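Engineer: Following this line is run23.cif, made up of mmCIF, C-alpha atoms:
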data_target
#
loop_
_atom_site.label_atom_id
_atom_site.label_comp_id
_atom_site.auth_asym_id
_atom_site.auth_seq_id
_atom_site.Cartn_x
_atom_site.Cartn_y
_atom_site.Cartn_z
CA MET A 86 -143.30 -5.33 -48.63
CA SER A 87 -140.70 -7.46 -46.85
CA ARG A 88 -137.43 -6.06 -45.55
CA ALA A 89 -135.50 -8.42 -47.83
CA PHE A 90 -137.29 -7.02 -50.89
CA LEU A 91 -136.73 -3.42 -49.80
CA GLY A 92 -133.09 -4.32 -49.16
CA HIS A 93 -132.73 -5.56 -52.75
CA ILE A 94 -134.30 -2.38 -54.12
CA ALA A 95 -131.95 -0.27 -51.96
CA THR A 96 -128.97 -2.39 -53.12
CA LEU A 97 -129.91 -1.87 -56.77
CA VAL A 98 -130.27 1.90 -56.28
CA SER A 99 -126.95 2.03 -54.37
CA GLY A 100 -125.17 0.28 -57.24
CA LEU A 101 -126.90 2.60 -59.71
CA ILE A 102 -125.66 5.75 -57.96
CA PHE A 103 -122.19 4.22 -57.57
CA GLY A 104 -122.03 3.32 -61.28
CA PHE A 105 -123.35 6.74 -62.33
CA GLY A 106 -120.64 8.37 -60.17
CA LEU A 107 -117.94 6.19 -61.74
CA ALA A 108 -119.08 7.31 -65.18
CA TRP A 109 -119.40 10.99 -64.12
CA SER A 110 -115.87 11.00 -62.70
CA THR A 111 -114.52 9.44 -65.97
CA MET A 112 -113.16 6.48 -63.96
CA ILE A 113 -114.91 4.10 -66.40
CA ARG A 114 -112.29 5.10 -68.99
CA PRO A 115 -109.09 3.06 -68.53
CA GLU A 116 -107.23 5.96 -70.15
CA SER A 117 -108.20 8.19 -67.17
CA ILE A 118 -106.76 5.69 -64.69
CA LEU A 119 -103.57 5.24 -66.72
CA ALA A 120 -103.18 9.05 -66.95
CA PHE A 121 -103.41 9.17 -63.16
CA LEU A 122 -100.83 6.41 -62.68
CA ARG A 123 -98.44 8.40 -64.90
CA PHE A 124 -99.16 11.62 -62.95
CA GLN A 125 -100.69 13.36 -65.98
CA ASP A 126 -104.04 13.94 -64.25
CA LEU A 127 -104.38 13.37 -60.52
CA GLY A 128 -108.20 13.43 -60.63
CA LEU A 129 -108.43 9.92 -59.17
CA LEU A 130 -107.12 11.27 -55.86
CA LEU A 131 -110.05 13.68 -55.70
CA VAL A 132 -112.51 10.92 -56.56
CA LEU A 133 -111.14 8.57 -53.90
CA GLY A 134 -110.75 11.41 -51.39
CA SER A 135 -114.33 12.62 -51.68
CA ALA A 136 -115.78 9.08 -51.64
CA VAL A 137 -113.72 8.13 -48.56
CA GLY A 138 -114.35 11.46 -46.84
CA LEU A 139 -118.11 11.11 -47.13
CA ASN A 140 -118.08 7.52 -45.95
CA LEU A 141 -115.71 8.21 -43.10
CA LEU A 142 -118.55 10.27 -41.64
CA VAL A 143 -121.23 7.72 -42.54
CA PHE A 144 -119.36 4.61 -41.36
CA GLN A 145 -118.22 6.22 -38.11
CA LEU A 146 -121.36 8.14 -37.16
CA LEU A 147 -124.30 6.05 -38.39
CA PRO A 148 -123.70 3.02 -36.12
CA ARG A 149 -123.47 5.42 -33.16
CA LEU A 150 -126.55 7.43 -34.05
CA THR A 151 -128.91 4.62 -35.13
CA ARG A 152 -129.44 1.17 -33.67
CA HIS A 153 -129.62 -0.69 -36.97
CA PRO A 154 -129.75 -0.08 -40.74
CA ALA A 155 -133.13 0.74 -42.28
CA PHE A 156 -133.81 -2.76 -43.67
CA ALA A 157 -131.46 -5.02 -41.65
CA SER A 158 -130.67 -5.91 -38.06
CA ALA A 159 -126.99 -4.92 -37.81
CA TYR A 160 -124.16 -2.93 -39.38
CA GLN A 161 -121.53 -5.31 -40.74
CA GLN A 162 -117.75 -5.20 -40.45
CA ARG A 163 -115.41 -6.04 -43.32
CA PRO A 164 -113.80 -9.40 -42.65
CA PHE A 165 -110.13 -8.79 -43.45
CA THR A 166 -106.83 -9.70 -41.86
CA LEU A 167 -103.61 -8.49 -43.41
CA ASP A 168 -101.09 -11.27 -44.10
CA ARG A 169 -98.48 -12.20 -46.69
CA PRO A 170 -100.90 -13.78 -49.20
CA ALA A 171 -103.11 -10.66 -49.00
CA LEU A 172 -100.12 -8.43 -49.75
CA ALA A 173 -99.19 -10.70 -52.67
CA GLY A 174 -102.78 -10.29 -53.87
CA GLY A 175 -102.36 -6.52 -53.64
CA VAL A 176 -99.23 -6.70 -55.80
CA LEU A 177 -101.00 -8.86 -58.43
CA PHE A 178 -104.00 -6.53 -58.44
CA GLY A 179 -101.67 -3.55 -58.83
CA LEU A 180 -99.91 -5.23 -61.77
CA GLY A 181 -103.22 -5.81 -63.52
CA TRP A 182 -104.46 -2.30 -62.71
CA GLY A 183 -101.23 -0.80 -64.04
CA ILE A 184 -101.44 -2.83 -67.27
CA CYS A 185 -105.03 -2.02 -68.23
CA GLY A 186 -106.32 0.73 -65.91
CA ILE A 187 -109.47 -1.23 -65.10
CA CYS A 188 -110.95 -2.15 -61.74
CA PRO A 189 -114.02 -4.32 -61.06
CA GLY A 190 -116.55 -1.51 -60.43
CA PRO A 191 -115.60 0.66 -63.42
CA ALA A 192 -115.57 -2.44 -65.66
CA LEU A 193 -119.25 -3.06 -64.84
CA ALA A 194 -120.27 0.59 -65.18
CA GLY A 195 -118.16 0.96 -68.35
CA LEU A 196 -119.94 -1.99 -69.97
CA GLY A 197 -123.26 -0.37 -69.03
CA ALA A 198 -122.08 2.81 -70.70
CA GLY A 199 -121.50 0.88 -73.91
CA ASN A 200 -117.78 0.07 -73.85
CA GLY A 201 -117.66 -3.42 -75.37
CA ASP A 202 -113.99 -3.87 -74.37
CA MET A 203 -115.25 -4.29 -70.80
CA LEU A 204 -116.99 -7.53 -71.75
CA ILE A 205 -113.55 -9.04 -72.39
CA ALA A 206 -112.10 -7.51 -69.23
CA LEU A 207 -115.03 -8.78 -67.13
CA ALA A 208 -114.68 -12.30 -68.58
CA ALA A 209 -110.97 -12.22 -67.66
CA ILE A 210 -111.73 -10.93 -64.14
CA PHE A 211 -114.28 -13.73 -63.69
CA ALA A 212 -111.69 -16.24 -64.92
CA GLY A 213 -109.08 -14.82 -62.52
CA ALA A 214 -111.46 -15.03 -59.56
CA GLY A 215 -112.39 -18.60 -60.60
CA LEU A 216 -108.73 -19.62 -60.80
CA HIS A 217 -108.15 -18.07 -57.38
CA GLY A 218 -111.00 -20.10 -55.87
CA LEU A 219 -109.77 -23.37 -57.40
CA TRP A 220 -106.21 -22.60 -56.26
CA ALA A 221 -107.30 -21.57 -52.75
CA GLY A 222 -109.46 -24.69 -52.45
CA ARG A 223 -106.47 -26.85 -53.24
CA GLN A 224 -104.30 -24.97 -50.72
CA GLY A 225 -106.90 -25.58 -48.02
CA GLN A 226 -106.93 -29.38 -48.39
CA MET B 75 -99.07 25.11 -60.07
CA ILE B 76 -101.20 22.47 -58.44
CA LEU B 77 -103.88 22.97 -61.10
CA SER B 78 -101.42 21.82 -63.78
CA PHE B 79 -101.88 18.31 -62.33
CA PHE B 80 -105.61 18.61 -63.05
CA PRO B 81 -105.87 19.45 -66.77
CA ASN B 82 -109.56 18.47 -66.74
CA GLY B 83 -110.47 20.55 -63.69
CA LEU B 84 -111.53 19.48 -60.22
CA GLU B 85 -115.31 19.61 -60.30
CA ARG B 86 -116.07 16.46 -62.31
CA TYR B 87 -113.87 14.38 -60.00
CA VAL B 88 -115.21 15.79 -56.72
CA ILE B 89 -118.88 15.45 -57.76
CA GLY B 90 -118.26 11.97 -59.21
CA GLY B 91 -116.47 10.91 -56.03
CA LEU B 92 -119.31 12.20 -53.87
CA LEU B 93 -121.82 10.25 -56.01
CA ILE B 94 -119.71 7.07 -55.67
CA GLY B 95 -119.55 7.70 -51.93
CA ALA B 96 -123.32 8.30 -51.79
CA GLY B 97 -123.96 4.89 -53.38
CA VAL B 98 -121.71 3.13 -50.86
CA ALA B 99 -123.27 5.16 -48.02
CA LEU B 100 -126.82 4.28 -49.10
CA LEU B 101 -125.98 0.57 -49.16
CA PHE B 102 -124.53 0.82 -45.64
CA ALA B 103 -127.41 2.89 -44.26
CA THR B 104 -130.12 0.60 -45.67
CA THR B 105 -128.58 -2.90 -45.44
CA GLY B 106 -125.55 -2.49 -43.15
CA ARG B 107 -123.38 -3.99 -45.92
CA GLN B 108 -119.97 -2.77 -47.01
CA GLY B 109 -120.13 -2.34 -50.76
CA GLY B 110 -116.92 -3.76 -52.14
CA VAL B 111 -117.35 -5.00 -55.70
CA SER B 112 -114.75 -7.71 -56.27
CA THR B 113 -116.30 -10.46 -54.09
CA PHE B 114 -119.09 -10.54 -56.70
CA PHE B 115 -116.69 -12.30 -59.07
CA SER B 116 -116.19 -15.14 -56.56
CA SER B 117 -119.71 -15.34 -55.17
CA SER B 118 -121.16 -15.69 -58.67
CA TRP B 119 -119.06 -18.82 -59.28
CA SER B 120 -121.00 -20.42 -56.41
CA TRP B 121 -124.01 -20.74 -58.75
CA LEU B 122 -121.89 -22.94 -61.05
CA LEU B 123 -119.04 -24.61 -59.18
CA ARG B 124 -119.68 -27.12 -56.38
CA THR B 125 -116.22 -27.05 -54.77
CA PRO B 126 -116.09 -26.38 -50.99
CA PHE B 127 -114.36 -23.04 -51.57
CA PHE B 128 -117.13 -21.65 -53.74
CA GLN B 129 -119.85 -23.17 -51.56
CA GLN B 130 -118.60 -21.48 -48.36
CA ALA B 131 -121.34 -19.61 -46.52
CA SER B 132 -119.85 -16.13 -46.98
CA LEU B 133 -120.05 -16.50 -50.77
CA ARG B 134 -123.38 -18.36 -50.99
CA ASP B 135 -125.14 -16.05 -48.54
CA SER B 136 -124.01 -12.88 -50.31
CA ARG B 137 -124.27 -13.97 -53.95
CA GLN B 138 -127.81 -12.67 -54.39
CA TRP B 139 -127.28 -9.10 -53.18
CA ARG B 140 -123.89 -8.90 -54.88
CA LEU B 141 -125.53 -9.80 -58.20
CA VAL B 142 -128.18 -7.10 -57.66
CA TYR B 143 -125.45 -4.60 -56.72
CA ALA B 144 -123.42 -5.46 -59.84
CA LEU B 145 -126.54 -5.04 -61.98
CA GLY B 146 -127.02 -1.62 -60.38
CA LEU B 147 -123.45 -0.61 -61.25
CA LEU B 148 -124.01 -1.67 -64.86
CA LEU B 149 -127.30 0.24 -65.07
CA GLY B 150 -125.63 3.28 -63.49
CA GLY B 151 -123.28 3.45 -66.48
CA SER B 152 -126.24 3.07 -68.85
CA LEU B 153 -128.20 5.79 -67.04
CA TYR B 154 -125.26 8.16 -67.46
CA VAL B 155 -125.32 7.62 -71.23
CA LEU B 156 -129.12 7.84 -71.41
CA ALA B 157 -128.91 11.17 -69.55
CA GLY B 158 -126.99 12.45 -72.56
CA GLN B 159 -123.68 12.85 -70.72
CA PRO B 160 -120.44 12.77 -72.72
CA VAL B 161 -118.38 9.56 -72.98
CA GLU B 162 -115.01 9.74 -74.63
CA PRO B 163 -114.11 6.68 -76.69
CA SER B 164 -111.77 4.14 -75.17
CA HIS B 165 -109.84 1.30 -76.67
CA LEU B 166 -107.17 -1.01 -75.32
CA PRO B 167 -105.25 -3.83 -77.02
CA LEU B 168 -106.72 -7.28 -76.40
CA TRP B 169 -103.71 -8.63 -74.51
CA LYS B 170 -103.97 -5.87 -71.93
CA LEU B 171 -107.66 -6.58 -71.31
CA VAL B 172 -107.05 -10.32 -70.91
CA LEU B 173 -103.80 -10.28 -68.91
CA GLY B 174 -104.86 -7.26 -66.83
CA GLY B 175 -108.28 -8.77 -66.14
CA LEU B 176 -106.85 -12.13 -65.04
CA LEU B 177 -104.40 -10.45 -62.64
CA ILE B 178 -107.14 -8.16 -61.30
CA GLY B 179 -109.55 -11.04 -60.69
CA PHE B 180 -106.98 -13.30 -59.02
CA GLY B 181 -105.24 -10.51 -57.12
CA ALA B 182 -108.37 -8.80 -55.80
CA ARG B 183 -109.68 -12.08 -54.40
CA LEU B 184 -106.33 -13.12 -52.91
CA GLY B 185 -105.96 -9.61 -51.48
CA GLY B 186 -109.47 -9.55 -50.00
CA GLY B 187 -110.70 -6.55 -51.96
CA CYS B 188 -110.21 -3.96 -54.66
CA THR B 189 -110.38 -0.19 -55.00
CA SER B 190 -113.93 -0.10 -53.63
CA GLY B 191 -113.53 -2.68 -50.85
CA HIS B 192 -110.16 -1.60 -49.45
CA GLY B 193 -110.01 1.85 -51.03
CA ILE B 194 -113.41 3.19 -50.00
CA CYS B 195 -115.02 0.87 -47.40
CA GLY B 196 -111.81 -0.24 -45.68
CA MET B 197 -110.38 3.25 -45.37
CA ALA B 198 -113.75 4.67 -44.25
CA SER B 199 -113.73 1.95 -41.55
CA LEU B 200 -110.29 3.23 -40.48
CA SER B 201 -108.76 -0.20 -41.20
CA GLY B 202 -104.96 -0.04 -41.08
CA GLY B 203 -104.74 -3.26 -43.07
CA SER B 204 -106.83 -1.81 -45.89
CA LEU B 205 -104.70 1.34 -45.96
CA LEU B 206 -101.60 -0.83 -46.38
CA MET B 207 -103.32 -2.79 -49.17
CA VAL B 208 -104.20 0.45 -50.98
CA ILE B 209 -100.59 1.65 -50.70
CA THR B 210 -99.43 -1.76 -52.01
CA PHE B 211 -101.62 -1.92 -55.11
CA LEU B 212 -101.38 1.79 -55.86
CA SER B 213 -97.57 1.79 -55.79
CA THR B 214 -97.39 -1.46 -57.81
CA ALA B 215 -99.75 0.00 -60.40
CA ILE B 216 -97.74 3.24 -60.68
CA VAL B 217 -94.49 1.31 -61.19
CA THR B 218 -96.18 -0.99 -63.73
CA ALA B 219 -97.67 1.89 -65.74
CA TRP B 220 -94.31 3.71 -65.86
CA ALA B 221 -92.46 0.51 -66.76
CA LEU B 222 -94.83 -0.18 -69.66
CA TYR B 223 -94.43 3.44 -70.79
CA GLY B 224 -90.65 3.05 -70.59
CA LEU B 225 -90.87 -0.10 -72.71
CA GLY B 226 -92.95 1.77 -75.26
CA VAL B 227 -96.16 -0.26 -74.84
CA ALA B 228 -98.33 2.46 -73.30
CA PRO B 229 -101.09 3.40 -73.35
#
Translate this structure into structure tokens?
Structural biologist:
Amino acid sequence: MSRAFLGHIATLVSGLIFGFGLAWSTMIRPESILAFLRFQDLGLLLVLGSAVGLNLLVFQLLPRLTRHPAFASAYQQRPFTLDRPALAGGVLFGLGWGICGICPGPALAGLGAGNGDMLIALAAIFAGAGLHGLWAGRQGQ
Amino acid sequence: MILSFFPNGLERYVIGGLLIGAGVALLFATTGRQGGVSTFFSSSWSWLLRTPFFQQASLRDSRQWRLVYALGLLLGGSLYVLAGQPVEPSHLPLWKLVLGGLLIGFGARLGGGCTSGHGICGMASLSGGSLLMVITFLSTAIVTAWALYGLGVAP
């Protein structure tokens, strides 16, 4: 089996575990997120804390302990530079998150768990990302 | 005292968070990729739209694995239900789904990531920029949720 094929299988399983965890932690319910934002249940902090804590170890140690990932040639960095537009994006994202309590990952896992509302949310997220691309393309010209 | 802020206990959140982290860790260990979710919503447009923005290499070259990853997330939710685990019902008014979704899609892409990209991968990479982004969207979301509650349109 080729490395690319094994990589796709690993990617599918990674998403599966991620989605299962989102459902287990109740983050697929917008009501859970909104309860956190109104300080009624701070569970989200524990979810984020344990996910970050685990990956702090993995992201910092793995590239030092192994020469390359199992099915690829190099560990990748996140391409991100903080600037004004990015901060504006953060504010817009926060507005949307505060209105509906949905983020991209939980929307996908929530749909998988049978919440039909997420179909509408996902369509709107796709539309928002499409509008961003058309807008950004125009800015670049 | 502190436990009054966790009416549903701690265990479900810690175990769920570790599972989420395990998924992101597995992706990194096997493919070297950082598993943010929101780029999927741009990279998928590259199958349909021929504009230079959507045809840029970073979107075209990642659209395949991002689609597989998104499919995995979806199936993860299904697996949870198939395993007989409890799901409480959820329902939001249509306007919140549409307006919230549009802002999330546009904002996450303009901001270079969402809760998984900046929140998990960025912070685990010790990126100061990502930490600032998380503080930005978290504080905006808290203010927004309280404002809507104050206006009587929550939840």
Engineer: Would you mind listing what lies within 10 Å of Leu100 (chain B) as a list in words, with all atoms listed in the file counted and same-chain residues fewer than 2 positions away left out?
Structural biologist: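 Near neighbours after the sequence-gap exclusion: Ala95, Thr96, Val98, Ser99, Gly100, Ile102, Phe103, Asn140, Val143, Pro154 and Ala155 of chain A; Gly95, Ala96, Gly97, Val98, Phe102, Ala103, Thr104, Thr105, Gly106, Arg107 and Gly109 of chain B.
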Engineer: On this file, the PyMOL selection byres ((chain B) within 6 of (chain A)) gives some set of residues; write that set as a count of residues only.
Structural biologist: 60
Engineer: Rounded to one decimal in Å, what is the spacing between CA of Pro126 (chain B) and CA of Arg140 (chain B)?
Structural biologist: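 A separation of 19.5 Å between them.
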Engineer: Which of these, B:Ala144, B:Leu205, B:Ala221, B:Cys195, has the shortest distance to Phe114 (chain B) once you count only C-alpha atoms?
Structural biologist: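 Looking at the shortest contact to Phe114 (chain B), the residue is B:Ala144.
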Engineer: To one decimal place in Å, what is the distance between CA of Thr125 (chain B) and CA of Arg137 (chain B)?
Structural biologist: 15.4 Å
Engineer: Please report the interatomic distance between CA of Thr189 (chain B) and CA of Gly110 (chain B) in Å with one decimal.
Structural biologist: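 Between CA of Thr189 (chain B) and CA of Gly110 (chain B) the gap is 8.0 Å.
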Engineer: Using all atoms listed in the file, pick whichever of B:Val161, B:Cys188, B:Trp119, B:Ser201 has the shortest atom-to-atom distance to Leu141 (chain B).
Structural biologist: B:Trp119
Engineer: How would region 87-98 of chain B look with N, CA and C atoms restored, written as a PDB file, in the frame of the given file?
Structural biologist:
ATOM      1  N   TYR B  87    -114.407  15.434 -60.870  1.00  0.00           N
ATOM      2  CA  TYR B  87    -113.870  14.380 -60.000  1.00  0.00           C
ATOM      3  C   TYR B  87    -114.504  14.437 -58.609  1.00  0.00           C
ATOM      4  N   VAL B  88    -114.642  15.663 -58.069  1.00  0.00           N
ATOM      5  CA  VAL B  88    -115.210  15.790 -56.720  1.00  0.00           C
ATOM      6  C   VAL B  88    -116.683  15.354 -56.716  1.00  0.00           C
ATOM      7  N   ILE B  89    -117.452  15.828 -57.702  1.00  0.00           N
ATOM      8  CA  ILE B  89    -118.880  15.450 -57.760  1.00  0.00           C
ATOM      9  C   ILE B  89    -119.016  13.949 -57.999  1.00  0.00           C
ATOM     10  N   GLY B  90    -118.222  13.408 -58.947  1.00  0.00           N
ATOM     11  CA  GLY B  90    -118.260  11.970 -59.210  1.00  0.00           C
ATOM     12  C   GLY B  90    -117.914  11.167 -57.972  1.00  0.00           C
ATOM     13  N   GLY B  91    -116.887  11.608 -57.253  1.00  0.00           N
ATOM     14  CA  GLY B  91    -116.470  10.910 -56.030  1.00  0.00           C
ATOM     15  C   GLY B  91    -117.551  10.946 -54.969  1.00  0.00           C
ATOM     16  N   LEU B  92    -118.227  12.089 -54.849  1.00  0.00           N
ATOM     17  CA  LEU B  92    -119.310  12.200 -53.870  1.00  0.00           C
ATOM     18  C   LEU B  92    -120.479  11.280 -54.249  1.00  0.00           C
ATOM     19  N   LEU B  93    -120.759  11.165 -55.562  1.00  0.00           N
ATOM     20  CA  LEU B  93    -121.820  10.250 -56.010  1.00  0.00           C
ATOM     21  C   LEU B  93    -121.434   8.791 -55.687  1.00  0.00           C
ATOM     22  N   ILE B  94    -120.188   8.424 -55.984  1.00  0.00           N
ATOM     23  CA  ILE B  94    -119.710   7.070 -55.670  1.00  0.00           C
ATOM     24  C   ILE B  94    -119.881   6.826 -54.173  1.00  0.00           C
ATOM     25  N   GLY B  95    -119.438   7.816 -53.377  1.00  0.00           N
ATOM     26  CA  GLY B  95    -119.550   7.700 -51.930  1.00  0.00           C
ATOM     27  C   GLY B  95    -121.002   7.599 -51.486  1.00  0.00           C
ATOM     28  N   ALA B  96    -121.902   8.334 -52.158  1.00  0.00           N
ATOM     29  CA  ALA B  96    -123.320   8.300 -51.790  1.00  0.00           C
ATOM     30  C   ALA B  96    -123.906   6.907 -52.031  1.00  0.00           C
ATOM     31  N   GLY B  97    -123.484   6.249 -53.112  1.00  0.00           N
ATOM     32  CA  GLY B  97    -123.960   4.890 -53.380  1.00  0.00           C
ATOM     33  C   GLY B  97    -123.522   3.931 -52.291  1.00  0.00           C
ATOM     34  N   VAL B  98    -122.246   3.995 -51.922  1.00  0.00           N
ATOM     35  CA  VAL B  98    -121.710   3.130 -50.860  1.00  0.00           C
ATOM     36  C   VAL B  98    -122.395   3.443 -49.526  1.00  0.00           C
TER      37      VAL B  98
END
